[in-house]
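Shown below: target_27.txt, with compact mmCIF, C-alpha atoms.
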```txt
# COMPACT_ATOMS: atom_id res chain seq x y z
CA MET T 26 0.00 0.00 0.00
CA GLU T 27 1.30 3.43 -0.87
CA GLN T 28 1.11 6.68 1.05
CA ASN T 29 1.37 9.90 -0.93
CA GLY T 30 2.81 8.01 -3.91
CA GLU T 31 5.54 6.33 -1.81
CA ALA T 32 5.68 2.73 -0.66
CA ARG T 33 4.93 2.41 3.03
CA PRO T 34 7.73 0.73 5.03
CA PHE T 35 7.22 -2.78 6.27
CA PRO T 36 6.62 -2.98 10.05
CA TRP T 37 10.12 -4.40 10.65
CA GLN T 38 11.67 -1.50 8.77
CA GLU T 39 10.19 1.05 11.12
CA ARG T 40 12.23 2.34 14.03
CA GLY T 41 12.90 -0.62 16.32
CA GLY T 42 11.12 -3.04 14.03
CA LEU T 43 9.31 -6.22 15.01
CA THR T 44 11.17 -8.35 17.53
CA GLY T 45 10.08 -11.65 15.97
CA HIS T 46 11.35 -10.55 12.58
CA TRP T 47 14.84 -9.80 13.92
CA LEU T 48 14.91 -13.00 15.98
CA LYS T 49 14.11 -15.02 12.86
CA ARG T 50 16.64 -13.16 10.70
CA ALA T 51 19.42 -13.66 13.23
CA TYR T 52 18.58 -17.36 13.68
CA THR T 53 18.30 -17.93 9.93
CA ALA T 54 21.63 -16.23 9.23
CA MET T 55 23.39 -18.25 11.93
CA ARG T 56 21.80 -21.50 10.77
CA ARG T 57 22.67 -20.92 7.10
CA GLN T 58 26.29 -20.25 7.99
CA LEU T 59 26.43 -23.42 10.11
CA GLU T 60 24.68 -25.50 7.43
CA THR T 61 27.26 -24.42 4.84
CA GLU T 62 30.07 -25.55 7.15
CA LEU T 63 28.29 -28.81 8.08
CA ARG T 64 27.76 -29.71 4.41
CA GLN T 65 31.54 -29.79 4.00
CA LEU T 66 31.63 -32.47 6.73
CA GLY T 67 28.80 -34.45 5.14
CA LEU T 68 26.15 -33.55 7.74
CA THR T 69 22.80 -31.80 7.71
CA HIS T 70 21.72 -29.48 10.51
CA ALA T 71 19.24 -32.11 11.78
CA GLN T 72 21.92 -34.83 11.80
CA TRP T 73 24.29 -32.49 13.63
CA SER T 74 21.64 -31.71 16.24
CA ALA T 75 20.66 -35.34 16.82
CA LEU T 76 24.22 -36.69 16.88
CA GLY T 77 25.24 -33.86 19.22
CA LEU T 78 22.45 -34.73 21.65
CA LEU T 79 23.35 -38.43 21.51
CA TYR T 80 27.05 -37.65 21.94
CA TYR T 81 26.31 -36.02 25.28
CA ARG T 82 23.49 -38.30 26.38
CA GLU T 83 23.24 -41.76 24.87
CA GLY T 84 20.09 -43.79 25.11
CA LEU T 85 17.66 -41.00 24.29
CA THR T 86 14.31 -42.07 22.87
CA HIS T 87 12.51 -40.75 19.80
CA THR T 88 10.31 -38.71 22.16
CA ASP T 89 13.37 -37.21 23.86
CA LEU T 90 14.76 -36.14 20.48
CA GLU T 91 11.41 -34.65 19.41
CA ARG T 92 11.33 -32.55 22.57
CA HIS T 93 14.94 -31.37 22.40
CA MET T 94 15.04 -30.77 18.64
CA LEU T 95 11.54 -29.26 18.42
CA ILE T 96 10.50 -31.41 15.46
CA GLU T 97 7.68 -33.89 14.86
CA ALA T 98 7.75 -37.67 15.30
CA PRO T 99 7.75 -38.60 11.58
CA SER T 100 10.77 -36.36 11.00
CA ILE T 101 12.66 -37.93 13.92
CA THR T 102 11.87 -41.44 12.67
CA SER T 103 13.11 -40.60 9.17
CA LEU T 104 16.22 -38.88 10.57
CA ILE T 105 17.13 -41.81 12.84
CA THR T 106 16.47 -44.36 10.09
CA GLY T 107 18.79 -42.47 7.74
CA MET T 108 21.55 -42.18 10.33
CA GLU T 109 21.15 -45.84 11.23
CA LYS T 110 21.68 -46.79 7.56
CA LYS T 111 24.88 -44.71 7.55
CA GLY T 112 26.08 -46.56 10.65
CA TRP T 113 26.09 -43.46 12.86
CA VAL T 114 23.47 -44.63 15.38
CA GLU T 115 21.81 -47.82 16.52
CA ARG T 116 18.47 -48.48 18.16
CA ARG T 117 18.21 -50.78 21.14
CA GLN T 118 15.28 -52.01 23.17
CA HIS T 119 14.77 -50.34 26.51
CA PRO T 120 15.70 -52.83 29.28
CA MET T 121 12.44 -52.22 31.18
CA ASP T 122 9.98 -51.66 28.31
CA ALA T 123 10.38 -53.49 24.99
CA ARG T 124 8.05 -51.00 23.28
CA ILE T 125 10.59 -48.21 23.78
CA LYS T 126 13.66 -47.91 21.57
CA GLN T 127 16.69 -46.07 22.81
CA ILE T 128 19.16 -44.56 20.39
CA TYR T 129 22.92 -44.85 20.80
CA ILE T 130 25.68 -43.18 18.85
CA THR T 131 28.21 -45.54 17.26
CA GLU T 132 31.96 -45.04 16.96
CA GLN T 133 31.44 -43.98 13.34
CA GLY T 134 28.84 -41.45 14.55
CA ARG T 135 31.31 -40.13 17.12
CA ARG T 136 33.92 -39.62 14.39
CA MET T 137 31.34 -37.66 12.37
CA ILE T 138 30.11 -35.42 15.18
CA GLU T 139 33.33 -34.53 17.03
CA PRO T 140 34.68 -32.10 14.41
CA ALA T 141 31.15 -30.80 13.77
CA LEU T 142 30.60 -29.93 17.43
CA GLN T 143 33.56 -27.59 17.13
CA LEU T 144 31.66 -25.64 14.46
CA GLY T 145 28.95 -24.77 16.98
CA LYS T 146 31.58 -23.50 19.40
CA GLU T 147 33.19 -21.44 16.65
CA GLY T 148 29.81 -19.89 15.82
CA ASP T 149 29.46 -18.82 19.44
CA GLU T 150 32.97 -17.36 19.32
CA ARG T 151 32.01 -15.27 16.27
CA LEU T 152 29.16 -13.78 18.31
CA LYS T 153 31.66 -12.83 20.99
CA GLY T 154 33.37 -10.72 18.33
CA LEU T 155 30.15 -8.79 17.75
CA LEU T 156 28.90 -8.41 21.31
CA SER T 157 30.54 -7.74 24.63
CA GLU T 158 30.40 -10.52 27.21
CA THR T 159 27.75 -8.54 29.10
CA GLU T 160 25.64 -8.08 25.96
CA LEU T 161 25.97 -11.74 25.04
CA ASN T 162 24.95 -12.90 28.53
CA GLN T 163 22.04 -10.47 28.52
CA LEU T 164 20.96 -11.69 25.07
CA LYS T 165 21.05 -15.34 26.17
CA GLU T 166 19.06 -14.59 29.31
CA THR T 167 16.50 -12.57 27.35
CA LEU T 168 16.08 -15.30 24.73
CA ARG T 169 15.77 -17.94 27.46
CA LYS T 170 13.11 -15.86 29.20
CA ILE T 171 11.14 -15.43 25.96
CA ALA T 172 11.36 -19.11 25.05
CA LEU T 173 10.31 -20.34 28.49
CA HIS T 174 7.40 -17.93 28.62
CA LEU T 175 6.11 -18.80 25.13
CA GLU T 176 6.58 -22.54 25.66
CA GLY T 177 4.32 -22.30 28.70
```
Would you mind writing the file out in structure tokens?
Amino acid sequence: MEQNGEARPFPWQERGGLTGHWLKRAYTAMRRQLETELRQLGLTHAQWSALGLLYYREGLTHTDLERHMLIEAPSITSLITGMEKKGWVERRQHPMDARIKQIYITEQGRRMIEPALQLGKEGDERLKGLLSETELNQLKETLRKIALHLEG
């Protein structure tokens, strides 16, 4: 819509802009940069996330991964199946409940994820070059507060 023959600015272009817009742009830019680096190692962002979680806590279930990765069950199943075919993870029956499958990272999976985990740390280091330690801590706390509030 035009005002006086000129295009009206989008809401995010106005002074201050929309918070959600800037959150998404920052996240998207960070994710794209990481995905480019991960591709060189032969990993997708989803594989990196899942393998990273399993690296630190083996034996997670599909439900655990859904909750931590914020993606739906069919996507987790497809992701785990693909990584299992590559030899990066294996599913095992839960010792107390045969209906539950736990997922474990294999040695091959560990070899894939170890250099990739460093990329996440390097991404954080790049942020430290843009923001002071105080600003970075404040940003993390603010984002945590927003996420916890919106997640209920």
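Here CA of Tyr80 (chain T) and CA of Gly148 (chain T) stand 19.0 Å from one another.
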Expressed in Å to a single decimal, how great is the separation between CA of Met137 (chain T) and CA of Gly84 (chain T)? 18.1 Å
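Every protein or nucleic acid residue with an atom no more than 10 Å from Leu161 (chain T), counting only C-alpha atoms and leaving out same-chain residues fewer than 6 positions away, appears here: Asp149, Leu152, Lys153, Leu155 and Thr167 of chain T.
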Return the single residue from T:His87, T:Arg135, T:Arg92, T:Arg151 that is closest to His119 (chain T), with distances computed using all atoms listed in the file. T:His87
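Interatomic distance, CA of Arg56 (chain T) against CA of Ile101 (chain T): 19.1 Å.
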